[in-house]
>>> print(open('protein34.pdb').read())   # PDB, C-alpha atoms and all ligand atoms
ATOM      1  CA  MET M  25       0.000   0.000   0.000  1.00  0.00           C
ATOM      2  CA  ARG M  26       1.446   3.309  -1.075  1.00  0.00           C
ATOM      3  CA  VAL M  27       1.272   6.250   1.299  1.00  0.00           C
ATOM      4  CA  ILE M  28       0.659   9.479  -0.466  1.00  0.00           C
ATOM      5  CA  CYS M  29       2.597  12.421   0.850  1.00  0.00           C
ATOM      6  CA  TRP M  30       0.198  15.348   0.992  1.00  0.00           C
ATOM      7  CA  LYS M  31       2.767  18.004   0.273  1.00  0.00           C
ATOM      8  CA  THR M  32       1.395  21.276  -0.879  1.00  0.00           C
ATOM      9  CA  THR M  33       1.799  21.297  -4.612  1.00  0.00           C
ATOM     10  CA  TRP M  34       2.002  24.597  -6.390  1.00  0.00           C
ATOM     11  CA  LEU M  35       0.214  24.204  -9.658  1.00  0.00           C
ATOM     12  CA  SER M  36       0.540  26.596 -12.554  1.00  0.00           C
ATOM     13  CA  ILE M  37      -2.583  28.499 -13.559  1.00  0.00           C
ATOM     14  CA  GLN M  38      -2.599  26.480 -16.758  1.00  0.00           C
ATOM     15  CA  THR M  39      -2.496  23.144 -14.897  1.00  0.00           C
ATOM     16  CA  MET M  40      -5.215  24.332 -12.532  1.00  0.00           C
ATOM     17  CA  GLU M  41      -7.410  25.139 -15.529  1.00  0.00           C
ATOM     18  CA  LEU M  42      -6.747  21.712 -17.056  1.00  0.00           C
ATOM     19  CA  PHE M  43      -7.626  20.011 -13.760  1.00  0.00           C
ATOM     20  CA  ASP M  44     -10.750  22.175 -13.339  1.00  0.00           C
ATOM     21  CA  ASN M  45     -11.973  21.254 -16.824  1.00  0.00           C
ATOM     22  CA  LEU M  46     -11.289  17.598 -16.122  1.00  0.00           C
ATOM     23  CA  MET M  47     -13.249  17.746 -12.869  1.00  0.00           C
ATOM     24  CA  ASP M  48     -16.199  19.494 -14.543  1.00  0.00           C
ATOM     25  CA  SER M  49     -16.234  16.828 -17.197  1.00  0.00           C
ATOM     26  CA  LEU M  50     -15.857  14.008 -14.631  1.00  0.00           C
ATOM     27  CA  SER M  51     -18.742  15.269 -12.536  1.00  0.00           C
ATOM     28  CA  GLY M  52     -20.927  15.992 -15.587  1.00  0.00           C
ATOM     29  CA  GLN M  53     -20.389  12.910 -17.705  1.00  0.00           C
ATOM     30  CA  SER M  54     -18.242  10.589 -15.551  1.00  0.00           C
ATOM     31  CA  TYR M  55     -15.189  10.914 -17.796  1.00  0.00           C
ATOM     32  CA  GLY M  56     -12.681  13.566 -18.774  1.00  0.00           C
ATOM     33  CA  VAL M  57      -9.575  14.046 -20.916  1.00  0.00           C
ATOM     34  CA  ILE M  58      -6.413  16.119 -20.518  1.00  0.00           C
ATOM     35  CA  ASP M  59      -4.323  16.441 -23.659  1.00  0.00           C
ATOM     36  CA  SER M  60      -0.599  16.940 -23.144  1.00  0.00           C
ATOM     37  CA  PHE M  61      -0.672  15.763 -19.525  1.00  0.00           C
ATOM     38  CA  LEU M  62       2.890  14.604 -20.263  1.00  0.00           C
ATOM     39  CA  THR M  63       5.565  16.463 -22.252  1.00  0.00           C
ATOM     40  CA  SER M  64       7.301  14.642 -25.103  1.00  0.00           C
ATOM     41  CA  GLU M  65      10.462  14.326 -22.949  1.00  0.00           C
ATOM     42  CA  GLU M  66       8.405  12.642 -20.229  1.00  0.00           C
ATOM     43  CA  ILE M  67       6.753  10.299 -22.743  1.00  0.00           C
ATOM     44  CA  ASN M  68      10.186   9.498 -24.143  1.00  0.00           C
ATOM     45  CA  GLY M  69      11.638   8.704 -20.710  1.00  0.00           C
ATOM     46  CA  LEU M  70       8.721   6.444 -19.826  1.00  0.00           C
ATOM     47  CA  VAL M  71       8.866   4.650 -23.185  1.00  0.00           C
ATOM     48  CA  ILE M  72      12.619   4.000 -22.808  1.00  0.00           C
ATOM     49  CA  ASN M  73      11.933   2.514 -19.395  1.00  0.00           C
ATOM     50  CA  LEU M  74       8.955   0.505 -20.653  1.00  0.00           C
ATOM     51  CA  ARG M  75      10.964  -0.918 -23.567  1.00  0.00           C
ATOM     52  CA  LYS M  76      13.938  -1.777 -21.343  1.00  0.00           C
ATOM     53  CA  ARG M  77      11.754  -3.737 -18.963  1.00  0.00           C
ATOM     54  CA  HIS M  78       9.816  -5.344 -21.788  1.00  0.00           C
ATOM     55  CA  ALA M  79      13.073  -6.478 -23.418  1.00  0.00           C
ATOM     56  CA  ALA M  80      14.152  -7.922 -20.054  1.00  0.00           C
ATOM     57  CA  GLY M  81      11.048 -10.127 -20.115  1.00  0.00           C
ATOM     58  CA  SER M  82       9.373  -8.445 -17.132  1.00  0.00           C
ATOM     59  CA  PHE M  83       5.970  -8.015 -18.782  1.00  0.00           C
ATOM     60  CA  LYS M  84       3.254 -10.651 -18.344  1.00  0.00           C
ATOM     61  CA  GLU M  85       0.148 -11.429 -20.354  1.00  0.00           C
ATOM     62  CA  ALA M  86      -2.629  -9.506 -18.599  1.00  0.00           C
ATOM     63  CA  GLY M  87      -5.250 -11.526 -16.749  1.00  0.00           C
ATOM     64  CA  ILE M  88      -8.905 -11.067 -15.950  1.00  0.00           C
ATOM     65  CA  GLY M  89     -10.261 -11.098 -12.413  1.00  0.00           C
ATOM     66  CA  GLN M  90      -8.403 -10.596  -9.205  1.00  0.00           C
ATOM     67  CA  GLY M  91      -5.822 -12.376  -7.064  1.00  0.00           C
ATOM     68  CA  SER M  92      -5.875 -16.176  -7.262  1.00  0.00           C
ATOM     69  CA  GLY M  93      -9.084 -16.048  -9.324  1.00  0.00           C
ATOM     70  CA  GLN M  94      -7.184 -14.321 -12.109  1.00  0.00           C
ATOM     71  CA  HIS M  95      -6.857 -16.058 -15.444  1.00  0.00           C
ATOM     72  CA  ILE M  96      -5.443 -15.180 -18.839  1.00  0.00           C
ATOM     73  CA  GLN M  97      -8.062 -14.805 -21.530  1.00  0.00           C
ATOM     74  CA  VAL M  98      -6.720 -13.621 -24.872  1.00  0.00           C
ATOM     75  CA  LEU M  99     -10.215 -13.555 -26.337  1.00  0.00           C
ATOM     76  CA  VAL M 100     -11.039 -10.756 -23.896  1.00  0.00           C
ATOM     77  CA  ARG M 101      -7.761  -8.863 -23.669  1.00  0.00           C
ATOM     78  CA  GLY M 102      -4.429  -9.199 -25.456  1.00  0.00           C
ATOM     79  CA  ASP M 103      -2.223  -6.684 -23.675  1.00  0.00           C
ATOM     80  CA  GLN M 104       0.936  -7.364 -21.698  1.00  0.00           C
ATOM     81  CA  ILE M 105       1.435  -5.511 -18.450  1.00  0.00           C
ATOM     82  CA  LEU M 106       3.997  -4.640 -15.792  1.00  0.00           C
ATOM     83  CA  TRP M 107       2.898  -3.231 -12.445  1.00  0.00           C
ATOM     84  CA  LEU M 108       4.950  -0.337 -11.114  1.00  0.00           C
ATOM     85  CA  GLU M 109       6.353  -1.270  -7.759  1.00  0.00           C
ATOM     86  CA  GLU M 110       6.683   1.164  -4.926  1.00  0.00           C
ATOM     87  CA  PHE M 111      10.378   0.473  -4.332  1.00  0.00           C
ATOM     88  CA  SER M 112      11.601   0.210  -7.882  1.00  0.00           C
ATOM     89  CA  VAL M 113      10.230   3.506  -9.045  1.00  0.00           C
ATOM     90  CA  VAL M 114      12.774   5.169 -11.299  1.00  0.00           C
ATOM     91  CA  GLU M 115      13.066   8.921 -11.619  1.00  0.00           C
ATOM     92  CA  ILE M 116      10.826   9.329 -14.644  1.00  0.00           C
ATOM     93  CA  GLU M 117       8.092   7.304 -12.928  1.00  0.00           C
ATOM     94  CA  GLN M 118       8.409   9.601  -9.933  1.00  0.00           C
ATOM     95  CA  VAL M 119       7.784  12.559 -12.236  1.00  0.00           C
ATOM     96  CA  TYR M 120       4.594  10.828 -13.373  1.00  0.00           C
ATOM     97  CA  TYR M 121       3.560  10.028  -9.793  1.00  0.00           C
ATOM     98  CA  LYS M 122       4.116  13.645  -8.814  1.00  0.00           C
ATOM     99  CA  LYS M 123       1.660  14.757 -11.483  1.00  0.00           C
ATOM    100  CA  ILE M 124      -0.816  12.073 -10.441  1.00  0.00           C
ATOM    101  CA  ASN M 125      -0.488  13.176  -6.804  1.00  0.00           C
ATOM    102  CA  ALA M 126      -1.268  16.757  -7.821  1.00  0.00           C
ATOM    103  CA  LEU M 127      -4.336  15.499  -9.684  1.00  0.00           C
ATOM    104  CA  ILE M 128      -5.450  13.455  -6.655  1.00  0.00           C
ATOM    105  CA  GLN M 129      -5.063  16.478  -4.428  1.00  0.00           C
ATOM    106  CA  SER M 130      -7.229  18.572  -6.756  1.00  0.00           C
ATOM    107  CA  LEU M 131      -9.856  15.844  -7.034  1.00  0.00           C
ATOM    108  CA  ASN M 132     -10.013  15.478  -3.263  1.00  0.00           C
ATOM    109  CA  GLN M 133     -10.235  19.207  -2.683  1.00  0.00           C
ATOM    110  CA  SER M 134     -12.903  19.855  -5.283  1.00  0.00           C
ATOM    111  CA  CYS M 135     -14.840  16.614  -5.499  1.00  0.00           C
ATOM    112  CA  TYR M 136     -14.336  15.198  -1.960  1.00  0.00           C
ATOM    113  CA  LEU M 137     -13.484  11.811  -3.392  1.00  0.00           C
ATOM    114  CA  GLY M 138     -11.349  10.711  -0.427  1.00  0.00           C
ATOM    115  CA  LEU M 139      -8.645   9.279  -2.675  1.00  0.00           C
ATOM    116  CA  LYS M 140      -5.694   7.938  -0.694  1.00  0.00           C
ATOM    117  CA  ASP M 141      -3.858   5.480  -2.871  1.00  0.00           C
ATOM    118  CA  PHE M 142      -3.130   4.549  -6.460  1.00  0.00           C
ATOM    119  CA  GLU M 143      -1.768   1.701  -8.536  1.00  0.00           C
ATOM    120  CA  PHE M 144      -0.420   1.773 -12.087  1.00  0.00           C
ATOM    121  CA  HIS M 145       0.873  -0.646 -14.673  1.00  0.00           C
ATOM    122  CA  TYR M 146       2.527  -0.261 -18.030  1.00  0.00           C
ATOM    123  CA  ALA M 147       0.505  -1.818 -20.827  1.00  0.00           C
ATOM    124  CA  LEU M 148       1.708  -2.885 -24.232  1.00  0.00           C
ATOM    125  CA  TYR M 149      -0.889  -3.939 -26.786  1.00  0.00           C
ATOM    126  CA  PRO M 150       0.788  -5.800 -29.658  1.00  0.00           C
ATOM    127  CA  ILE M 151      -0.519  -5.049 -33.163  1.00  0.00           C
ATOM    128  CA  GLY M 152      -4.117  -6.285 -33.413  1.00  0.00           C
ATOM    129  CA  ALA M 153      -4.584  -6.747 -29.643  1.00  0.00           C
ATOM    130  CA  PHE M 154      -7.748  -5.467 -28.003  1.00  0.00           C
ATOM    131  CA  TYR M 155      -9.600  -5.391 -24.698  1.00  0.00           C
ATOM    132  CA  LYS M 156     -13.294  -6.234 -25.024  1.00  0.00           C
ATOM    133  CA  ARG M 157     -16.016  -4.153 -23.380  1.00  0.00           C
ATOM    134  CA  HIS M 158     -15.688  -4.313 -19.589  1.00  0.00           C
ATOM    135  CA  LEU M 159     -16.025  -2.459 -16.292  1.00  0.00           C
ATOM    136  CA  ASP M 160     -12.799  -1.875 -14.311  1.00  0.00           C
ATOM    137  CA  ARG M 161     -14.030  -2.200 -10.797  1.00  0.00           C
ATOM    138  CA  PHE M 162     -13.912  -5.715  -9.401  1.00  0.00           C
ATOM    139  CA  LYS M 163     -17.061  -6.852  -7.622  1.00  0.00           C
ATOM    140  CA  THR M 164     -14.936  -7.609  -4.559  1.00  0.00           C
ATOM    141  CA  ASP M 165     -12.927  -4.390  -4.686  1.00  0.00           C
ATOM    142  CA  SER M 166     -14.901  -1.218  -4.282  1.00  0.00           C
ATOM    143  CA  HIS M 167     -11.787   0.880  -3.692  1.00  0.00           C
ATOM    144  CA  ARG M 168     -11.027   1.657  -7.334  1.00  0.00           C
ATOM    145  CA  LYS M 169     -12.817   4.968  -7.802  1.00  0.00           C
ATOM    146  CA  ILE M 170     -11.251   6.511 -10.900  1.00  0.00           C
ATOM    147  CA  SER M 171      -9.612   4.736 -13.823  1.00  0.00           C
ATOM    148  CA  VAL M 172      -6.714   6.682 -15.328  1.00  0.00           C
ATOM    149  CA  VAL M 173      -5.068   5.892 -18.652  1.00  0.00           C
ATOM    150  CA  CYS M 174      -2.108   7.868 -19.970  1.00  0.00           C
ATOM    151  CA  TYR M 175      -0.931   7.117 -23.488  1.00  0.00           C
ATOM    152  CA  LEU M 176       2.719   6.854 -24.479  1.00  0.00           C
ATOM    153  CA  ASN M 177       2.370   6.671 -28.272  1.00  0.00           C
ATOM    154  CA  GLU M 178       4.240   9.360 -30.117  1.00  0.00           C
ATOM    155  CA  ASP M 179       3.082  10.321 -33.620  1.00  0.00           C
ATOM    156  CA  TRP M 180      -0.140   8.322 -33.297  1.00  0.00           C
ATOM    157  CA  GLN M 181      -2.392   8.847 -36.322  1.00  0.00           C
ATOM    158  CA  ALA M 182      -6.199   8.584 -36.450  1.00  0.00           C
ATOM    159  CA  THR M 183      -5.798   5.761 -38.988  1.00  0.00           C
ATOM    160  CA  ASP M 184      -3.740   3.702 -36.498  1.00  0.00           C
ATOM    161  CA  GLY M 185      -6.915   2.676 -34.626  1.00  0.00           C
ATOM    162  CA  GLY M 186      -6.520   1.538 -31.010  1.00  0.00           C
ATOM    163  CA  GLU M 187      -9.222   3.890 -29.740  1.00  0.00           C
ATOM    164  CA  LEU M 188     -10.592   3.673 -26.246  1.00  0.00           C
ATOM    165  CA  VAL M 189     -14.378   3.446 -26.621  1.00  0.00           C
ATOM    166  CA  ILE M 190     -16.338   4.686 -23.612  1.00  0.00           C
ATOM    167  CA  TYR M 191     -19.985   3.626 -23.406  1.00  0.00           C
ATOM    168  CA  LEU M 192     -22.091   6.397 -21.922  1.00  0.00           C
ATOM    169  CA  PRO M 193     -25.574   5.755 -20.598  1.00  0.00           C
ATOM    170  CA  ASN M 194     -28.225   7.144 -23.008  1.00  0.00           C
ATOM    171  CA  LYS M 195     -25.651   8.670 -25.377  1.00  0.00           C
ATOM    172  CA  PRO M 196     -23.607   7.415 -28.312  1.00  0.00           C
ATOM    173  CA  PRO M 197     -20.238   5.906 -27.310  1.00  0.00           C
ATOM    174  CA  VAL M 198     -17.194   8.182 -27.296  1.00  0.00           C
ATOM    175  CA  LYS M 199     -14.020   7.152 -29.139  1.00  0.00           C
ATOM    176  CA  ILE M 200     -10.707   8.477 -27.836  1.00  0.00           C
ATOM    177  CA  SER M 201      -7.500   8.065 -29.824  1.00  0.00           C
ATOM    178  CA  PRO M 202      -4.457   6.987 -27.729  1.00  0.00           C
ATOM    179  CA  VAL M 203      -2.396  10.049 -28.600  1.00  0.00           C
ATOM    180  CA  GLY M 204       0.865  10.340 -26.651  1.00  0.00           C
ATOM    181  CA  GLY M 205       0.650  12.411 -23.472  1.00  0.00           C
ATOM    182  CA  ARG M 206      -3.148  12.271 -23.374  1.00  0.00           C
ATOM    183  CA  LEU M 207      -4.710  11.365 -20.014  1.00  0.00           C
ATOM    184  CA  VAL M 208      -8.209   9.898 -19.774  1.00  0.00           C
ATOM    185  CA  CYS M 209     -10.039   9.540 -16.457  1.00  0.00           C
ATOM    186  CA  PHE M 210     -13.390   7.881 -15.873  1.00  0.00           C
ATOM    187  CA  GLU M 211     -15.459   6.537 -13.022  1.00  0.00           C
ATOM    188  CA  ALA M 212     -14.306   2.950 -12.564  1.00  0.00           C
ATOM    189  CA  ASP M 213     -17.617   1.537 -11.380  1.00  0.00           C
ATOM    190  CA  ILE M 214     -19.868   3.343 -13.851  1.00  0.00           C
ATOM    191  CA  LEU M 215     -18.490   3.422 -17.382  1.00  0.00           C
ATOM    192  CA  GLU M 216     -18.026   0.337 -19.502  1.00  0.00           C
ATOM    193  CA  HIS M 217     -15.313   0.700 -22.113  1.00  0.00           C
ATOM    194  CA  GLU M 218     -13.212  -1.248 -24.581  1.00  0.00           C
ATOM    195  CA  VAL M 219      -9.925  -0.966 -26.478  1.00  0.00           C
ATOM    196  CA  LEU M 220     -10.062  -1.437 -30.257  1.00  0.00           C
ATOM    197  CA  PRO M 221      -7.263  -3.185 -32.153  1.00  0.00           C
ATOM    198  CA  ALA M 222      -4.515  -1.007 -33.620  1.00  0.00           C
ATOM    199  CA  THR M 223      -2.147  -1.256 -36.552  1.00  0.00           C
ATOM    200  CA  HIS M 224       0.801  -0.273 -34.315  1.00  0.00           C
ATOM    201  CA  GLU M 225       1.989  -1.333 -30.877  1.00  0.00           C
ATOM    202  CA  ARG M 226      -0.044   0.654 -28.377  1.00  0.00           C
ATOM    203  CA  LEU M 227       1.650   1.816 -25.167  1.00  0.00           C
ATOM    204  CA  SER M 228       0.138   3.243 -22.002  1.00  0.00           C
ATOM    205  CA  LEU M 229       0.304   3.660 -18.267  1.00  0.00           C
ATOM    206  CA  THR M 230      -2.986   2.491 -16.812  1.00  0.00           C
ATOM    207  CA  GLY M 231      -4.075   2.738 -13.236  1.00  0.00           C
ATOM    208  CA  TRP M 232      -6.618   3.445 -10.603  1.00  0.00           C
ATOM    209  CA  LEU M 233      -7.085   6.083  -7.940  1.00  0.00           C
ATOM    210  CA  LYS M 234      -8.362   4.336  -4.844  1.00  0.00           C
ATOM    211  CA  THR M 235      -9.962   5.179  -1.543  1.00  0.00           C
ATOM    212  CA  TYR M 236      -7.420   2.927   0.228  1.00  0.00           C
TER
HETATM  213  O1  LIG M 301      -5.803   1.485 -22.644  1.00  0.00           O
HETATM  214  C1  LIG M 301      -6.956   1.906 -22.565  1.00  0.00           C
HETATM  215  O2  LIG M 301      -7.374   2.794 -23.306  1.00  0.00           O
HETATM  216  C2  LIG M 301      -7.891   1.296 -21.541  1.00  0.00           C
HETATM  217  C3  LIG M 301      -7.314   0.110 -20.822  1.00  0.00           C
HETATM  218  C4  LIG M 301      -8.325  -0.577 -19.946  1.00  0.00           C
HETATM  219  O3  LIG M 301      -9.502  -0.469 -20.128  1.00  0.00           O
HETATM  220  C5  LIG M 301      -7.865  -1.371 -18.794  1.00  0.00           C
HETATM  221  O4  LIG M 301      -6.669  -1.673 -18.697  1.00  0.00           O
HETATM  222  O5  LIG M 301      -8.715  -1.729 -17.955  1.00  0.00           O
HETATM  223 FE    FE M 302     -10.547  -0.977 -18.382  1.00  0.00          FE
END
>>> encode(input="protein34.pdb", output="structure tokens")
Amino acid sequence: MRVICWKTTWLSIQTMELFDNLMDSLSGQSYGVIDSFLTSEEINGLVINLRKRHAAGSFKEAGIGQGSGQHIQVLVRGDQILWLEEFSVVEIEQVYYKKINALIQSLNQSCYLGLKDFEFHYALYPIGAFYKRHLDRFKTDSHRKISVVCYLNEDWQATDGGELVIYLPNKPPVKISPVGGRLVCFEADILEHEVLPATHERLSLTGWLKTY
């Protein structure tokens, strides 16, 4: 369990505006997007780290379910993942965590979400891999409040596919392209979503903001 250090974070006016827009969107339609949450240097650093660990064989086929009930099901999801561990966090991951902590602080201050913890994994979707329509929150784990996906694909084109499709109640689904640096947040227990296959490897950092 990670302990979040509630240091006062000084956010730029621009970041505050981005967070405010995200929170409006989250409270209005249960999802929100921040473009350019990461700079291209940050994306680059994370991708280098992701690729190094992938080459070292640290990634595993992602499973479905939780704990010992987890099983691998390529017909449902075809991504490979690596969880970020608290004690092996390299500098560039700390930069990411710092931004996530600032976001958590804003969400708690404005939306009273009581977020205290988070967990993230790298995800690599090989060409053609997908993740069928699903809900992120496990039936037995009500602590995952907000799902957060940050994309690490530089030069992603609309024709590359790999969109995240979010299914909204009583509205047409929304398709979001996994453009590098883009951050998508949505309510983990409310919005079903899926990942469409892509014509390129699709990289991301995916995680959850939790109440404990
Ligand atoms: O990568 C995405 O766009 C979403 C991933 C996802 O739904 C998940 O890992 O649960
Ligand atoms: Fe998901």
>>> closest_atom_pairs(input="protein34.pdb", of="chain M", to="ligand FE 302 (chain M)", cutoff="8 Å", atoms="all atoms listed in the file", output="JSON lines")
{"residue": "M:Tyr155", "atom": "CA", "partner": "M:FE302", "partner_atom": "FE", "distance": 7.8}
{"residue": "M:His158", "atom": "CA", "partner": "M:FE302", "partner_atom": "FE", "distance": 6.2}
{"residue": "M:Leu159", "atom": "CA", "partner": "M:FE302", "partner_atom": "FE", "distance": 6.0}
{"residue": "M:Asp160", "atom": "CA", "partner": "M:FE302", "partner_atom": "FE", "distance": 4.7}
{"residue": "M:Ser171", "atom": "CA", "partner": "M:FE302", "partner_atom": "FE", "distance": 7.4}
{"residue": "M:Ala212", "atom": "CA", "partner": "M:FE302", "partner_atom": "FE", "distance": 8.0}
{"residue": "M:Glu216", "atom": "CA", "partner": "M:FE302", "partner_atom": "FE", "distance": 7.7}
{"residue": "M:His217", "atom": "CA", "partner": "M:FE302", "partner_atom": "FE", "distance": 6.3}
{"residue": "M:Glu218", "atom": "CA", "partner": "M:FE302", "partner_atom": "FE", "distance": 6.8}
>>> resolve_selection(input="protein34.pdb", expression="the PyMOL selection byres (((chain M and resi 50) around 12) and not hetatm)", output="MDAnalysis selection string")
chainID M and resid 43:49 51:58 131 134:135 137 169:172 208:212 214:215
>>> resolve_selection(input="protein34.pdb", expression="the PyMOL selection byres (((chain M and resi 147) around 8) and not hetatm)", output="PDB file with C-alpha atoms, in the coordinates of the input")
ATOM      1  CA  ASP M 103      -2.223  -6.684 -23.675  1.00  0.00           C
ATOM      2  CA  GLN M 104       0.936  -7.364 -21.698  1.00  0.00           C
ATOM      3  CA  ILE M 105       1.435  -5.511 -18.450  1.00  0.00           C
ATOM      4  CA  LEU M 106       3.997  -4.640 -15.792  1.00  0.00           C
ATOM      5  CA  HIS M 145       0.873  -0.646 -14.673  1.00  0.00           C
ATOM      6  CA  TYR M 146       2.527  -0.261 -18.030  1.00  0.00           C
ATOM      7  CA  LEU M 148       1.708  -2.885 -24.232  1.00  0.00           C
ATOM      8  CA  TYR M 149      -0.889  -3.939 -26.786  1.00  0.00           C
ATOM      9  CA  ARG M 226      -0.044   0.654 -28.377  1.00  0.00           C
ATOM     10  CA  LEU M 227       1.650   1.816 -25.167  1.00  0.00           C
ATOM     11  CA  SER M 228       0.138   3.243 -22.002  1.00  0.00           C
ATOM     12  CA  LEU M 229       0.304   3.660 -18.267  1.00  0.00           C
ATOM     13  CA  THR M 230      -2.986   2.491 -16.812  1.00  0.00           C
TER      14      THR M 230
END
>>> closest_residue(input="protein34.pdb", among="M:Pro196, M:Gly87, M:Pro150, M:Pro202", to="ligand LIG 301 (chain M)", atoms="only C-alpha atoms and all ligand atoms")
M:Pro202
>>> residues_around(input="protein34.pdb", residues="M:Ala222", least_positions_apart="4", cutoff="8 Å", atoms="only C-alpha atoms", output="list in words")
Ile151, Gly152, Ala153, Phe154, Asp184, Gly185, Gly186, Glu187 and Arg226 of chain M
>>> write_last_selection(input="protein34.pdb", atoms="C-alpha atoms", output="mmCIF file, in the frame of the given file")
data_model
loop_
_atom_site.group_PDB
_atom_site.id
_atom_site.type_symbol
_atom_site.label_atom_id
_atom_site.label_comp_id
_atom_site.auth_asym_id
_atom_site.auth_seq_id
_atom_site.Cartn_x
_atom_site.Cartn_y
_atom_site.Cartn_z
ATOM 1 C CA ILE M 151 -0.519 -5.049 -33.163
ATOM 2 C CA GLY M 152 -4.117 -6.285 -33.413
ATOM 3 C CA ALA M 153 -4.584 -6.747 -29.643
ATOM 4 C CA PHE M 154 -7.748 -5.467 -28.003
ATOM 5 C CA ASP M 184 -3.740 3.702 -36.498
ATOM 6 C CA GLY M 185 -6.915 2.676 -34.626
ATOM 7 C CA GLY M 186 -6.520 1.538 -31.010
ATOM 8 C CA GLU M 187 -9.222 3.890 -29.740
ATOM 9 C CA ARG M 226 -0.044 0.654 -28.377
#
>>> axis_aligned_box(input="protein34.pdb", around="ligand LIG 301 (chain M)", padding_each_side="3 Å", output="AutoDock Vina command-line options")
--center_x -7.7 --center_y 0.5 --center_z -20.6 --size_x 9.7 --size_y 10.5 --size_z 11.4
>>> resolve_selection(input="protein34.pdb", expression="the PyMOL selection byres (((chain M and resi 73) around 12) and not hetatm)", output="number ranges by chain")
M: 66-72, 74-80, 82, 106, 108, 112-117, 146, 176, 227, 229
>>> residues_near_point(input="protein34.pdb", point="(-5.3, 8.5, -32.2)", cutoff="10 Å", atoms="all atoms listed in the file", output="PyMOL selection string")
chain M and resi 175+177-188+199-204+206+222
>>> atom_distance(input="protein34.pdb", atom1="atom CA of M:Leu62", atom2="atom CA of M:Arg161")
25.7 Å
>>> atom_distance(input="protein34.pdb", atom1="atom CA of M:Leu233", atom2="atom CA of M:Ile128")
7.7 Å
>>> closest_residue(input="protein34.pdb", among="M:Val173, M:Ile190, M:Ile124, M:Leu99", to="ligand LIG 301 (chain M)", atoms="all atoms listed in the file")
M:Val173
>>> atom_distance(input="protein34.pdb", atom1="atom O4 of ligand LIG 301 (chain M)", atom2="atom CA of M:Tyr191")
15.1 Å
>>> residues_around(input="protein34.pdb", residues="M:Ser166", least_positions_apart="5", cutoff="9 Å", atoms="all atoms listed in the file", output="number ranges by chain")
M: 161, 213, 234-235
>>> write_last_selection(input="protein34.pdb", atoms="C-alpha atoms", output="PDB file, in the coordinates of the input")
ATOM      1  CA  ARG M 161     -14.030  -2.200 -10.797  1.00  0.00           C
ATOM      2  CA  ASP M 213     -17.617   1.537 -11.380  1.00  0.00           C
ATOM      3  CA  LYS M 234      -8.362   4.336  -4.844  1.00  0.00           C
ATOM      4  CA  THR M 235      -9.962   5.179  -1.543  1.00  0.00           C
TER       5      THR M 235
END
>>> closest_residue(input="protein34.pdb", among="M:Asn125, M:Ser64, M:Asn194, M:Gln97", to="M:Lys140", atoms="all atoms listed in the file")
M:Asn125
>>> closest_residue(input="protein34.pdb", among="M:Gly205, M:Pro221, M:Gly138, M:Gly81", to="M:Val100", atoms="all atoms listed in the file")
M:Pro221
